[in-house]
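To be precise, the following lines are final.json, and they hold JSON, C-alpha atoms and all ligand atoms.
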```
[["chain", "number", "residue", "atom", "x", "y", "z"],
["A", 22, "MET", "CA", 154.79, 212.87, 93.97],
["A", 23, "ILE", "CA", 158.25, 211.63, 94.74],
["A", 24, "LEU", "CA", 158.59, 209.58, 97.94],
["A", 25, "SER", "CA", 161.76, 209.00, 99.87],
["A", 26, "ARG", "CA", 162.68, 205.34, 100.33],
["A", 27, "ARG", "CA", 161.64, 205.52, 104.01],
["A", 28, "GLU", "CA", 158.28, 207.09, 103.14],
["A", 29, "PHE", "CA", 157.72, 204.50, 100.45],
["A", 30, "LEU", "CA", 158.40, 201.62, 102.85],
["A", 31, "ARG", "CA", 156.15, 203.11, 105.53],
["A", 32, "LEU", "CA", 153.34, 203.62, 103.06],
["A", 33, "GLY", "CA", 153.84, 200.06, 101.80],
["A", 34, "SER", "CA", 153.55, 198.52, 105.24],
["A", 35, "VAL", "CA", 150.52, 200.64, 106.19],
["A", 36, "ALA", "CA", 148.81, 199.65, 102.97],
["A", 37, "ALA", "CA", 149.64, 196.00, 103.57],
["A", 38, "MET", "CA", 148.30, 196.15, 107.13],
["A", 39, "ALA", "CA", 145.11, 197.87, 106.03],
["A", 40, "PHE", "CA", 144.58, 195.14, 103.45],
["A", 41, "ALA", "CA", 145.57, 192.26, 105.69],
["A", 42, "ALA", "CA", 143.80, 193.27, 108.90],
["A", 43, "PRO", "CA", 140.22, 192.11, 108.15],
["A", 44, "PHE", "CA", 141.43, 188.74, 106.78],
["A", 45, "PRO", "CA", 144.34, 187.37, 108.81],
["A", 46, "LEU", "CA", 146.09, 185.01, 106.42],
["A", 47, "LYS", "CA", 146.45, 182.10, 108.87],
["A", 48, "ALA", "CA", 142.78, 182.05, 109.82],
["A", 49, "PHE", "CA", 141.79, 182.26, 106.17],
["A", 50, "LYS", "CA", 144.06, 179.34, 105.27],
["A", 51, "SER", "CA", 142.93, 177.06, 108.08],
["A", 52, "THR", "CA", 139.32, 176.98, 106.95],
["A", 53, "ARG", "CA", 140.05, 176.21, 103.34],
["A", 54, "LEU", "CA", 140.99, 173.07, 101.43],
["A", 55, "PRO", "CA", 142.74, 173.37, 98.06],
["A", 56, "GLU", "CA", 140.95, 172.37, 94.87],
["A", 57, "GLY", "CA", 140.48, 168.62, 94.47],
["A", 58, "PHE", "CA", 140.62, 167.99, 98.23],
["A", 59, "THR", "CA", 137.57, 166.82, 100.20],
["A", 60, "LEU", "CA", 137.35, 166.21, 103.94],
["A", 61, "LEU", "CA", 135.51, 162.96, 104.70],
["A", 62, "ARG", "CA", 135.54, 162.53, 108.48],
["A", 63, "GLY", "CA", 137.66, 163.99, 111.27],
["A", 64, "THR", "CA", 141.14, 164.62, 109.91],
["A", 65, "ILE", "CA", 140.79, 162.26, 106.92],
["A", 66, "GLY", "CA", 139.98, 163.16, 103.36],
["A", 67, "ILE", "CA", 140.53, 162.38, 99.70],
["A", 68, "TYR", "CA", 142.26, 164.01, 96.76],
["A", 69, "ALA", "CA", 140.72, 163.29, 93.36],
["A", 70, "ASN", "CA", 142.38, 164.30, 90.13],
["A", 71, "ARG", "CA", 143.61, 161.77, 87.53],
["A", 72, "GLY", "CA", 144.22, 158.14, 88.47],
["A", 73, "GLY", "CA", 143.34, 156.28, 91.66],
["A", 74, "THR", "CA", 141.79, 158.28, 94.48],
["A", 75, "ILE", "CA", 144.36, 159.47, 97.04],
["A", 76, "GLY", "CA", 143.41, 159.17, 100.73],
["A", 77, "TRP", "CA", 145.05, 161.39, 103.34],
["A", 78, "LEU", "CA", 145.15, 162.08, 107.04],
["A", 79, "MET", "CA", 146.43, 165.36, 108.47],
["A", 80, "ASN", "CA", 146.46, 165.80, 112.25],
["A", 81, "SER", "CA", 148.69, 167.67, 114.69],
["A", 82, "ASP", "CA", 150.90, 164.58, 115.06],
["A", 83, "GLY", "CA", 151.54, 163.95, 111.40],
["A", 84, "CYS", "CA", 150.33, 163.08, 107.95],
["A", 85, "ALA", "CA", 149.60, 159.83, 106.12],
["A", 86, "VAL", "CA", 148.86, 159.40, 102.43],
["A", 87, "VAL", "CA", 147.37, 156.41, 100.56],
["A", 88, "ASP", "CA", 148.46, 156.14, 96.89],
["A", 89, "THR", "CA", 150.07, 158.78, 94.67],
["A", 90, "GLN", "CA", 148.37, 158.81, 91.22],
["A", 91, "PHE", "CA", 150.84, 160.16, 88.61],
["A", 92, "ALA", "CA", 153.89, 162.44, 88.88],
["A", 93, "ASP", "CA", 152.04, 165.59, 87.73],
["A", 94, "THR", "CA", 148.96, 165.15, 89.91],
["A", 95, "ALA", "CA", 151.13, 164.03, 92.84],
["A", 96, "THR", "CA", 152.96, 167.38, 92.60],
["A", 97, "THR", "CA", 149.65, 169.24, 92.91],
["A", 98, "CYS", "CA", 148.51, 166.96, 95.73],
["A", 99, "LEU", "CA", 151.74, 167.44, 97.66],
["A", 100, "SER", "CA", 151.65, 171.23, 97.46],
["A", 101, "GLY", "CA", 147.98, 171.16, 98.47],
["A", 102, "LEU", "CA", 148.81, 169.07, 101.52],
["A", 103, "GLU", "CA", 151.63, 171.44, 102.45],
["A", 104, "TYR", "CA", 149.34, 174.44, 102.12],
["A", 105, "TYR", "CA", 146.67, 172.75, 104.21],
["A", 106, "ARG", "CA", 149.18, 171.69, 106.86],
["A", 107, "ASP", "CA", 150.56, 175.23, 107.14],
["A", 108, "GLY", "CA", 147.04, 176.53, 107.72],
["A", 109, "GLN", "CA", 145.97, 173.79, 110.13],
["A", 110, "HIS", "CA", 149.17, 173.03, 112.01],
["A", 111, "PRO", "CA", 151.68, 175.84, 111.38],
["A", 112, "SER", "CA", 154.08, 174.49, 114.04],
["A", 113, "SER", "CA", 154.40, 171.23, 112.05],
["A", 114, "GLY", "CA", 156.47, 173.08, 109.46],
["A", 115, "THR", "CA", 159.63, 172.28, 111.43],
["A", 116, "ARG", "CA", 159.11, 168.51, 111.25],
["A", 117, "ASP", "CA", 161.44, 166.38, 109.13],
["A", 118, "PHE", "CA", 158.78, 165.20, 106.70],
["A", 119, "LEU", "CA", 155.53, 166.56, 105.32],
["A", 120, "VAL", "CA", 154.24, 162.97, 104.96],
["A", 121, "ASP", "CA", 155.21, 160.55, 107.73],
["A", 122, "VAL", "CA", 153.87, 157.49, 106.00],
["A", 123, "LEU", "CA", 152.79, 156.75, 102.44],
["A", 124, "ILE", "CA", 150.98, 153.48, 101.74],
["A", 125, "ASN", "CA", 150.41, 152.01, 98.26],
["A", 126, "THR", "CA", 147.20, 149.93, 97.97],
["A", 127, "HIS", "CA", 148.77, 148.00, 95.04],
["A", 128, "HIS", "CA", 151.36, 148.34, 92.29],
["A", 129, "HIS", "CA", 149.44, 149.89, 89.35],
["A", 130, "GLY", "CA", 150.95, 153.00, 87.79],
["A", 131, "ASP", "CA", 147.94, 155.22, 88.48],
["A", 132, "HIS", "CA", 148.43, 154.51, 92.22],
["A", 133, "THR", "CA", 152.26, 154.49, 92.47],
["A", 134, "GLY", "CA", 153.33, 156.78, 89.60],
["A", 135, "GLY", "CA", 153.73, 159.76, 91.97],
["A", 136, "ASN", "CA", 155.86, 157.90, 94.54],
["A", 137, "GLY", "CA", 159.00, 159.63, 93.28],
["A", 138, "VAL", "CA", 157.42, 163.06, 93.81],
["A", 139, "PHE", "CA", 156.48, 162.18, 97.39],
["A", 140, "ARG", "CA", 159.78, 160.44, 98.21],
["A", 141, "PRO", "CA", 161.90, 163.48, 99.30],
["A", 142, "LYS", "CA", 159.13, 164.69, 101.64],
["A", 143, "THR", "CA", 158.08, 161.27, 102.96],
["A", 144, "GLY", "CA", 159.35, 159.23, 105.91],
["A", 145, "ILE", "CA", 158.43, 155.67, 104.92],
["A", 146, "ILE", "CA", 156.65, 154.07, 101.94],
["A", 147, "VAL", "CA", 154.67, 150.94, 102.79],
["A", 148, "ALA", "CA", 153.16, 148.24, 100.55],
["A", 149, "HIS", "CA", 152.38, 144.54, 100.48],
["A", 150, "GLU", "CA", 155.52, 142.45, 99.93],
["A", 151, "ASN", "CA", 154.52, 141.47, 96.37],
["A", 152, "VAL", "CA", 154.17, 145.09, 95.22],
["A", 153, "PRO", "CA", 157.80, 146.01, 94.32],
["A", 154, "ALA", "CA", 158.23, 142.96, 92.04],
["A", 155, "LEU", "CA", 154.84, 143.57, 90.41],
["A", 156, "GLN", "CA", 155.72, 147.25, 89.87],
["A", 157, "LYS", "CA", 158.94, 146.17, 88.17],
["A", 158, "MET", "CA", 157.19, 143.54, 86.04],
["A", 159, "GLN", "CA", 154.52, 145.98, 84.86],
["A", 160, "ALA", "CA", 157.07, 148.66, 84.01],
["A", 161, "GLN", "CA", 159.26, 146.20, 82.10],
["A", 162, "MET", "CA", 156.24, 145.12, 80.07],
["A", 163, "ARG", "CA", 155.92, 148.79, 79.09],
["A", 164, "GLY", "CA", 159.60, 149.14, 78.30],
["A", 165, "SER", "CA", 161.31, 150.85, 81.24],
["A", 166, "ASP", "CA", 161.56, 150.52, 85.00],
["A", 167, "ALA", "CA", 164.01, 153.42, 85.41],
["A", 168, "ASP", "CA", 161.71, 155.89, 87.19],
["A", 169, "LEU", "CA", 160.12, 153.53, 89.68],
["A", 170, "VAL", "CA", 160.11, 154.34, 93.37],
["A", 171, "TYR", "CA", 159.35, 151.34, 95.57],
["A", 172, "ALA", "CA", 158.14, 150.82, 99.11],
["A", 173, "ASP", "CA", 160.95, 150.65, 101.68],
["A", 174, "THR", "CA", 158.70, 148.86, 104.18],
["A", 175, "THR", "CA", 156.75, 145.77, 103.12],
["A", 176, "PHE", "CA", 154.55, 143.30, 104.97],
["A", 177, "PRO", "CA", 153.13, 139.81, 104.24],
["A", 178, "ASP", "CA", 149.74, 139.95, 106.02],
["A", 179, "GLU", "CA", 149.30, 142.95, 108.26],
["A", 180, "TRP", "CA", 151.05, 146.18, 109.25],
["A", 181, "HIS", "CA", 150.05, 149.10, 111.45],
["A", 182, "ILE", "CA", 151.23, 152.45, 112.78],
["A", 183, "ASP", "CA", 149.90, 154.96, 115.33],
["A", 184, "LEU", "CA", 149.79, 158.59, 114.24],
["A", 185, "GLY", "CA", 148.62, 160.60, 117.25],
["A", 186, "THR", "CA", 145.14, 159.38, 118.12],
["A", 187, "GLU", "CA", 144.71, 157.53, 114.81],
["A", 188, "LYS", "CA", 145.68, 153.91, 114.20],
["A", 189, "ILE", "CA", 146.37, 153.06, 110.59],
["A", 190, "THR", "CA", 146.29, 149.42, 109.46],
["A", 191, "ALA", "CA", 147.19, 147.76, 106.16],
["A", 192, "ARG", "CA", 145.90, 144.23, 105.52],
["A", 193, "HIS", "CA", 146.44, 141.76, 102.70],
["A", 194, "TYR", "CA", 143.62, 139.25, 102.17],
["A", 195, "GLY", "CA", 145.22, 137.28, 99.34],
["A", 196, "ALA", "CA", 145.09, 137.88, 95.59],
["A", 197, "ALA", "CA", 142.12, 139.85, 94.21],
["A", 198, "HIS", "CA", 142.44, 142.86, 91.86],
["A", 199, "THR", "CA", 146.18, 142.02, 91.75],
["A", 200, "GLY", "CA", 148.50, 139.72, 93.65],
["A", 201, "GLY", "CA", 149.50, 142.49, 96.08],
["A", 202, "ASP", "CA", 146.39, 144.35, 97.26],
["A", 203, "ALA", "CA", 146.12, 145.97, 100.68],
["A", 204, "VAL", "CA", 143.07, 147.37, 102.45],
["A", 205, "ILE", "CA", 144.00, 150.47, 104.48],
["A", 206, "GLY", "CA", 142.02, 151.24, 107.64],
["A", 207, "PHE", "CA", 141.92, 154.49, 109.62],
["A", 208, "GLU", "CA", 140.59, 152.60, 112.60],
["A", 209, "GLN", "CA", 139.67, 155.47, 114.92],
["A", 210, "ALA", "CA", 137.83, 157.45, 112.25],
["A", 211, "ASN", "CA", 136.28, 154.28, 110.75],
["A", 212, "VAL", "CA", 137.40, 155.16, 107.22],
["A", 213, "VAL", "CA", 138.74, 152.40, 104.92],
["A", 214, "HIS", "CA", 140.62, 152.84, 101.64],
["A", 215, "MET", "CA", 139.87, 149.91, 99.30],
["A", 216, "GLY", "CA", 142.22, 150.89, 96.46],
["A", 217, "ASP", "CA", 140.97, 149.24, 93.26],
["A", 218, "LEU", "CA", 139.12, 146.48, 95.10],
["A", 219, "VAL", "CA", 136.05, 148.56, 94.28],
["A", 220, "PHE", "CA", 135.53, 150.24, 90.91],
["A", 221, "ASN", "CA", 132.24, 151.90, 91.89],
["A", 222, "GLY", "CA", 129.72, 151.25, 89.11],
["A", 223, "VAL", "CA", 132.56, 150.63, 86.66],
["A", 224, "PHE", "CA", 133.75, 147.38, 85.01],
["A", 225, "PRO", "CA", 136.94, 146.69, 86.97],
["A", 226, "PHE", "CA", 140.40, 145.93, 85.68],
["A", 227, "ILE", "CA", 141.19, 142.35, 86.69],
["A", 228, "ASP", "CA", 144.98, 142.04, 86.47],
["A", 229, "GLU", "CA", 145.43, 138.44, 85.38],
["A", 230, "ALA", "CA", 149.16, 138.89, 84.62],
["A", 231, "GLY", "CA", 149.58, 140.57, 88.00],
["A", 232, "GLY", "CA", 148.16, 137.57, 89.86],
["A", 233, "ALA", "CA", 144.46, 138.49, 90.21],
["A", 234, "SER", "CA", 141.85, 136.05, 91.53],
["A", 235, "ILE", "CA", 138.12, 136.69, 91.07],
["A", 236, "LEU", "CA", 137.19, 133.87, 93.44],
["A", 237, "ASN", "CA", 139.29, 135.29, 96.27],
["A", 238, "TRP", "CA", 138.24, 138.86, 95.42],
["A", 239, "ILE", "CA", 134.63, 137.83, 96.15],
["A", 240, "GLN", "CA", 135.73, 136.32, 99.47],
["A", 241, "LEU", "CA", 137.74, 139.44, 100.33],
["A", 242, "LEU", "CA", 134.80, 141.79, 99.81],
["A", 243, "GLU", "CA", 132.60, 139.60, 101.98],
["A", 244, "THR", "CA", 135.23, 139.46, 104.74],
["A", 245, "VAL", "CA", 135.92, 143.21, 104.75],
["A", 246, "ALA", "CA", 132.17, 144.00, 104.69],
["A", 247, "ALA", "CA", 131.69, 141.73, 107.74],
["A", 248, "GLU", "CA", 134.63, 143.31, 109.61],
["A", 249, "ARG", "CA", 133.30, 146.85, 109.19],
["A", 250, "ASP", "CA", 129.90, 148.43, 109.95],
["A", 251, "ASP", "CA", 127.17, 150.77, 108.70],
["A", 252, "GLU", "CA", 129.13, 153.82, 109.82],
["A", 253, "THR", "CA", 132.26, 152.93, 107.85],
["A", 254, "ILE", "CA", 133.15, 155.31, 105.02],
["A", 255, "PHE", "CA", 134.93, 153.47, 102.19],
["A", 256, "ILE", "CA", 137.21, 155.13, 99.65],
["A", 257, "PHE", "CA", 137.35, 153.56, 96.17],
["A", 258, "GLY", "CA", 140.11, 153.81, 93.58],
["A", 259, "HIS", "CA", 137.66, 154.70, 90.83],
["A", 260, "GLY", "CA", 133.94, 155.38, 90.39],
["A", 261, "GLN", "CA", 131.52, 156.42, 87.70],
["A", 262, "PRO", "CA", 130.43, 160.08, 87.77],
["A", 263, "GLY", "CA", 127.30, 160.29, 89.88],
["A", 264, "MET", "CA", 128.24, 157.26, 92.01],
["A", 265, "GLY", "CA", 131.49, 158.73, 93.26],
["A", 266, "VAL", "CA", 134.65, 157.35, 94.85],
["A", 267, "THR", "CA", 133.31, 156.88, 98.37],
["A", 268, "GLY", "CA", 130.59, 154.62, 99.71],
["A", 269, "SER", "CA", 129.38, 152.04, 102.18],
["A", 270, "VAL", "CA", 129.35, 148.31, 102.92],
["A", 271, "ALA", "CA", 126.49, 148.03, 100.42],
["A", 272, "ASP", "CA", 128.84, 149.11, 97.61],
["A", 273, "LEU", "CA", 131.33, 146.38, 98.59],
["A", 274, "LEU", "CA", 128.57, 143.78, 98.46],
["A", 275, "ALA", "CA", 127.34, 145.13, 95.13],
["A", 276, "LYS", "CA", 130.83, 144.63, 93.70],
["A", 277, "ARG", "CA", 130.91, 141.12, 95.19],
["A", 278, "ASP", "CA", 127.60, 140.41, 93.43],
["A", 279, "TYR", "CA", 129.01, 141.61, 90.12],
["A", 280, "LEU", "CA", 132.10, 139.39, 90.41],
["A", 281, "SER", "CA", 129.90, 136.43, 91.41],
["A", 282, "ALA", "CA", 127.69, 137.08, 88.39],
["A", 283, "LEU", "CA", 130.77, 136.94, 86.12],
["A", 284, "LEU", "CA", 131.77, 133.50, 87.41],
["A", 285, "GLU", "CA", 128.20, 132.23, 87.38],
["A", 286, "HIS", "CA", 127.68, 133.29, 83.77],
["A", 287, "VAL", "CA", 130.87, 131.55, 82.68],
["A", 288, "GLU", "CA", 130.00, 128.39, 84.62],
["A", 289, "THR", "CA", 126.48, 128.06, 83.24],
["A", 290, "SER", "CA", 127.56, 128.97, 79.68],
["A", 291, "HIS", "CA", 130.33, 126.40, 79.75],
["A", 292, "ALA", "CA", 128.03, 123.73, 81.23],
["A", 293, "ALA", "CA", 125.51, 124.44, 78.45],
["A", 294, "GLY", "CA", 128.21, 123.85, 75.84],
["A", 295, "MET", "CA", 128.51, 127.46, 74.78],
["A", 296, "SER", "CA", 131.79, 128.52, 73.14],
["A", 297, "ARG", "CA", 134.20, 130.90, 74.84],
["A", 298, "GLU", "CA", 133.53, 133.52, 72.16],
["A", 299, "ASP", "CA", 129.76, 133.40, 72.65],
["A", 300, "ALA", "CA", 130.04, 133.36, 76.43],
["A", 301, "VAL", "CA", 132.25, 136.46, 76.63],
["A", 302, "GLY", "CA", 130.41, 138.25, 73.81],
["A", 303, "ILE", "CA", 127.17, 139.02, 75.69],
["A", 304, "ALA", "CA", 125.97, 142.63, 75.59],
["A", 305, "SER", "CA", 125.24, 142.98, 79.30],
["A", 306, "LEU", "CA", 124.98, 141.11, 82.56],
["A", 307, "ASP", "CA", 121.58, 141.06, 84.32],
["A", 308, "GLY", "CA", 121.50, 143.59, 87.13],
["A", 309, "PHE", "CA", 124.63, 145.43, 85.99],
["A", 310, "GLU", "CA", 123.35, 147.28, 82.94],
["A", 311, "HIS", "CA", 124.25, 150.59, 84.63],
["A", 312, "TYR", "CA", 127.98, 149.75, 84.74],
["A", 313, "ILE", "CA", 130.22, 151.88, 82.55],
["A", 314, "SER", "CA", 133.57, 151.11, 80.91],
["A", 315, "PHE", "CA", 136.78, 153.16, 81.21],
["A", 316, "GLY", "CA", 138.48, 151.31, 78.32],
["A", 317, "PRO", "CA", 138.87, 147.96, 76.55],
["A", 318, "ARG", "CA", 140.74, 146.32, 79.43],
["A", 319, "LEU", "CA", 137.99, 147.51, 81.76],
["A", 320, "SER", "CA", 134.99, 146.09, 79.93],
["A", 321, "LEU", "CA", 132.46, 143.30, 80.41],
["A", 322, "ALA", "CA", 134.14, 141.26, 77.67],
["A", 323, "ALA", "CA", 137.59, 141.64, 79.25],
["A", 324, "ASN", "CA", 136.17, 140.70, 82.66],
["A", 325, "LEU", "CA", 134.46, 137.61, 81.22],
["A", 326, "GLU", "CA", 137.69, 136.54, 79.47],
["A", 327, "VAL", "CA", 139.49, 136.53, 82.82],
["A", 328, "ALA", "CA", 136.55, 134.73, 84.45],
["A", 329, "TRP", "CA", 136.61, 132.07, 81.71],
["A", 330, "ASN", "CA", 140.36, 131.56, 82.19],
["A", 331, "GLU", "CA", 139.88, 131.24, 85.94],
["A", 332, "ILE", "CA", 136.93, 128.82, 85.85],
["A", 333, "VAL", "CA", 137.32, 126.85, 82.61],
["A", 334, "GLY", "CA", 141.00, 127.33, 81.80],
["A", 335, "GLU", "CA", 142.79, 129.00, 78.92],
["B", 401, "ZN", "ZN", 144.59, 148.97, 89.88]]
```
Please express what this file holds, its structure, as structure tokens.
Amino acid sequence: MILSRREFLRLGSVAAMAFAAPFPLKAFKSTRLPEGFTLLRGTIGIYANRGGTIGWLMNSDGCAVVDTQFADTATTCLSGLEYYRDGQHPSSGTRDFLVDVLINTHHHGDHTGGNGVFRPKTGIIVAHENVPALQKMQAQMRGSDADLVYADTTFPDEWHIDLGTEKITARHYGAAHTGGDAVIGFEQANVVHMGDLVFNGVFPFIDEAGGASILNWIQLLETVAAERDDETIFIFGHGQPGMGVTGSVADLLAKRDYLSALLEHVETSHAAGMSREDAVGIASLDGFEHYISFGPRLSLAANLEVAWNEIVGE
């Protein structure tokens, strides 16, 4: 059968309509989140792939993102957000930016490495005032700072923005995991992104060169736990499989207890005349046998080394 061009086009459009009619594309899109995306509460969710957990908010008034993982995963995250936005809020497609505000919880490469991918589609990038210099220092230690994209908006203690009905806050409580950590609150939804202030069930990285303080980290977790409540959903930078990257006040206090146990072990070992090598060489810490390690810098021995330096001295 040979069809004229007009017949071919007509047949094509009829076939397309017949196929499309039972599943209108817009309705199909709006109910579905792309792979890797999870909705937590209201209009707030997470994106988990490789690197620190990304938090996001998508409402009819705009979009906020917390952290950017790496360039490749940020690309996937960004296209997923765009797809989701087009399904949820098709009229938002005319807005200047896909992401109104991007906040970095701290400077580490697995949380800021995708900043450059987000940059062209993002209004402002926010971080604690110490973050740009720490980003630069870390990159120089690795050989190059050429590809870094920094925050254009920084703050010393606290910063906030309203996005429709949601109020987003960023607070610095002093040095902890690094010298430039921020806790990000979605105040209306009662969801809080902790960045790497909680490695859930995992030996944390304690960035000594980046200005970390175990003592203040303990204080921070206690303060944030007291400021929030039993309904608060916390997002964590990392977590062991089975424990996940979200949790409650109890998980913050469990991490506080771990950090306290590190300092206590070092204190008592030192007071008993134990050597540094013996003190940091223990196989496990009572009550934290279930912790797992993501690498040599994130191990009990590495944590105890930093604790020894902080309590006893180098
Ligand atoms: Zn980190």
Distance CA of Ile67 in chain A-CA of Val266 in chain A, one decimal place?
9.1 Å
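Separating CA of Gly101 in chain A from CA of Gln209 in chain A is a distance of 24.2 Å.
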Taking only residues of chain A that have an atom at most 9 Å from an atom of ligand ZN 401 (chain B), what is each one's shortest atom pair and its distance in Å to one decimal, using all atoms listed in the file, in chain and number order, as JSON lines?
```
{"residue": "A:Gly73", "atom": "CA", "partner": "B:ZN401", "partner_atom": "ZN", "distance": 7.6}
{"residue": "A:Thr126", "atom": "CA", "partner": "B:ZN401", "partner_atom": "ZN", "distance": 8.6}
{"residue": "A:His127", "atom": "CA", "partner": "B:ZN401", "partner_atom": "ZN", "distance": 6.7}
{"residue": "A:His128", "atom": "CA", "partner": "B:ZN401", "partner_atom": "ZN", "distance": 7.2}
{"residue": "A:His129", "atom": "CA", "partner": "B:ZN401", "partner_atom": "ZN", "distance": 5.0}
{"residue": "A:Gly130", "atom": "CA", "partner": "B:ZN401", "partner_atom": "ZN", "distance": 7.8}
{"residue": "A:Asp131", "atom": "CA", "partner": "B:ZN401", "partner_atom": "ZN", "distance": 7.2}
{"residue": "A:His132", "atom": "CA", "partner": "B:ZN401", "partner_atom": "ZN", "distance": 7.1}
{"residue": "A:His198", "atom": "CA", "partner": "B:ZN401", "partner_atom": "ZN", "distance": 6.8}
{"residue": "A:Thr199", "atom": "CA", "partner": "B:ZN401", "partner_atom": "ZN", "distance": 7.4}
{"residue": "A:Asp202", "atom": "CA", "partner": "B:ZN401", "partner_atom": "ZN", "distance": 8.9}
{"residue": "A:Gly216", "atom": "CA", "partner": "B:ZN401", "partner_atom": "ZN", "distance": 7.3}
{"residue": "A:Asp217", "atom": "CA", "partner": "B:ZN401", "partner_atom": "ZN", "distance": 5.0}
{"residue": "A:Leu218", "atom": "CA", "partner": "B:ZN401", "partner_atom": "ZN", "distance": 8.0}
{"residue": "A:Pro225", "atom": "CA", "partner": "B:ZN401", "partner_atom": "ZN", "distance": 8.5}
{"residue": "A:Phe226", "atom": "CA", "partner": "B:ZN401", "partner_atom": "ZN", "distance": 6.7}
{"residue": "A:Ile227", "atom": "CA", "partner": "B:ZN401", "partner_atom": "ZN", "distance": 8.1}
{"residue": "A:Asp228", "atom": "CA", "partner": "B:ZN401", "partner_atom": "ZN", "distance": 7.7}
{"residue": "A:Gly258", "atom": "CA", "partner": "B:ZN401", "partner_atom": "ZN", "distance": 7.6}
```
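Here CA of Val333 in chain A is placed at a distance of 12.9 Å from CA of Leu236 in chain A.
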I'd like the neighbourhood of Gly231 in chain A as a PDB file with C-alpha atoms, in the coordinates of the input, where a residue qualifies if any of its atoms comes within 8 Å (using only C-alpha atoms), though same-chain residues fewer than 4 positions away should be ignored.
```pdb
ATOM      1  CA  LEU A 155     154.840 143.570  90.410  1.00  0.00           C
ATOM      2  CA  GLN A 159     154.520 145.980  84.860  1.00  0.00           C
ATOM      3  CA  THR A 199     146.180 142.020  91.750  1.00  0.00           C
ATOM      4  CA  GLY A 200     148.500 139.720  93.650  1.00  0.00           C
TER       5      GLY A 200
END
```
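Closest approach to Asp278 in chain A among A:Leu123, A:Leu242, A:Ala300, A:Ala160 is made by A:Leu242 (distances from only C-alpha atoms).
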Point (131.2, 159.8, 92.8), cut-off 12 Å, counting all atoms listed in the file, residues as a count of residues only
22
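Remark: for Tyr194 in chain A, the closest of the candidate residues A:Ala230, A:Leu99, A:Val245, A:Ala154 is A:Val245 (distances computed over all atoms listed in the file).
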Tell me, as a count of residues only, which residues lie within 12 Å of Gly206 in chain A, counting all atoms listed in the file; anything in the same chain fewer than 2 positions away does not count.
39
Judged by all atoms listed in the file, the minimum distance to Cys98 in chain A among A:Arg277, A:Arg318, A:Arg71, A:Lys157 is found for A:Arg71
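Among A:Glu331, A:Glu56, A:Glu229, A:Asp82, the residue with the shortest atom-to-atom distance to Leu102 in chain A, counting all atoms listed in the file, is A:Glu56.
The protein and nucleic acid residues lying at most 7 Å from Phe176 in chain A are Ala148, His149 and Glu150 of chain A, with all atoms listed in the file considered and sequence neighbours fewer than 6 positions away removed.
You can rank A:Leu54, A:Glu326, A:Ser269, A:Thr64 by their closest distance to Glu103 in chain A using only C-alpha atoms, and at the top of that list sits A:Leu54.
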With only C-alpha atoms as the atoms that count, which of A:Leu319, A:Ala92, A:Leu325, A:Leu280 lies nearest to Gly302 in chain A?
A:Leu325
Just want the 12 Å neighbourhood of range 283-285 of chain A, counted on all atoms listed in the file, with same-chain residues fewer than 2 positions away dropped. Output as a ChimeraX atom specification.
/A:224-225,227,234-239,276-281,287-292,300-301,303,305-309,320-333
Residue selection dump (C-alpha atoms) as a short mmCIF file (atom, residue, chain, number, x, y, z; two decimals), keeping the file's coordinate frame:
```
data_model
loop_
_atom_site.label_atom_id
_atom_site.label_comp_id
_atom_site.auth_asym_id
_atom_site.auth_seq_id
_atom_site.Cartn_x
_atom_site.Cartn_y
_atom_site.Cartn_z
CA PHE A 224 133.75 147.38 85.01
CA PRO A 225 136.94 146.69 86.97
CA ILE A 227 141.19 142.35 86.69
CA SER A 234 141.85 136.05 91.53
CA ILE A 235 138.12 136.69 91.07
CA LEU A 236 137.19 133.87 93.44
CA ASN A 237 139.29 135.29 96.27
CA TRP A 238 138.24 138.86 95.42
CA ILE A 239 134.63 137.83 96.15
CA LYS A 276 130.83 144.63 93.70
CA ARG A 277 130.91 141.12 95.19
CA ASP A 278 127.60 140.41 93.43
CA TYR A 279 129.01 141.61 90.12
CA LEU A 280 132.10 139.39 90.41
CA SER A 281 129.90 136.43 91.41
CA VAL A 287 130.87 131.55 82.68
CA GLU A 288 130.00 128.39 84.62
CA THR A 289 126.48 128.06 83.24
CA SER A 290 127.56 128.97 79.68
CA HIS A 291 130.33 126.40 79.75
CA ALA A 292 128.03 123.73 81.23
CA ALA A 300 130.04 133.36 76.43
CA VAL A 301 132.25 136.46 76.63
CA ILE A 303 127.17 139.02 75.69
CA SER A 305 125.24 142.98 79.30
CA LEU A 306 124.98 141.11 82.56
CA ASP A 307 121.58 141.06 84.32
CA GLY A 308 121.50 143.59 87.13
CA PHE A 309 124.63 145.43 85.99
CA SER A 320 134.99 146.09 79.93
CA LEU A 321 132.46 143.30 80.41
CA ALA A 322 134.14 141.26 77.67
CA ALA A 323 137.59 141.64 79.25
CA ASN A 324 136.17 140.70 82.66
CA LEU A 325 134.46 137.61 81.22
CA GLU A 326 137.69 136.54 79.47
CA VAL A 327 139.49 136.53 82.82
CA ALA A 328 136.55 134.73 84.45
CA TRP A 329 136.61 132.07 81.71
CA ASN A 330 140.36 131.56 82.19
CA GLU A 331 139.88 131.24 85.94
CA ILE A 332 136.93 128.82 85.85
CA VAL A 333 137.32 126.85 82.61
#
```
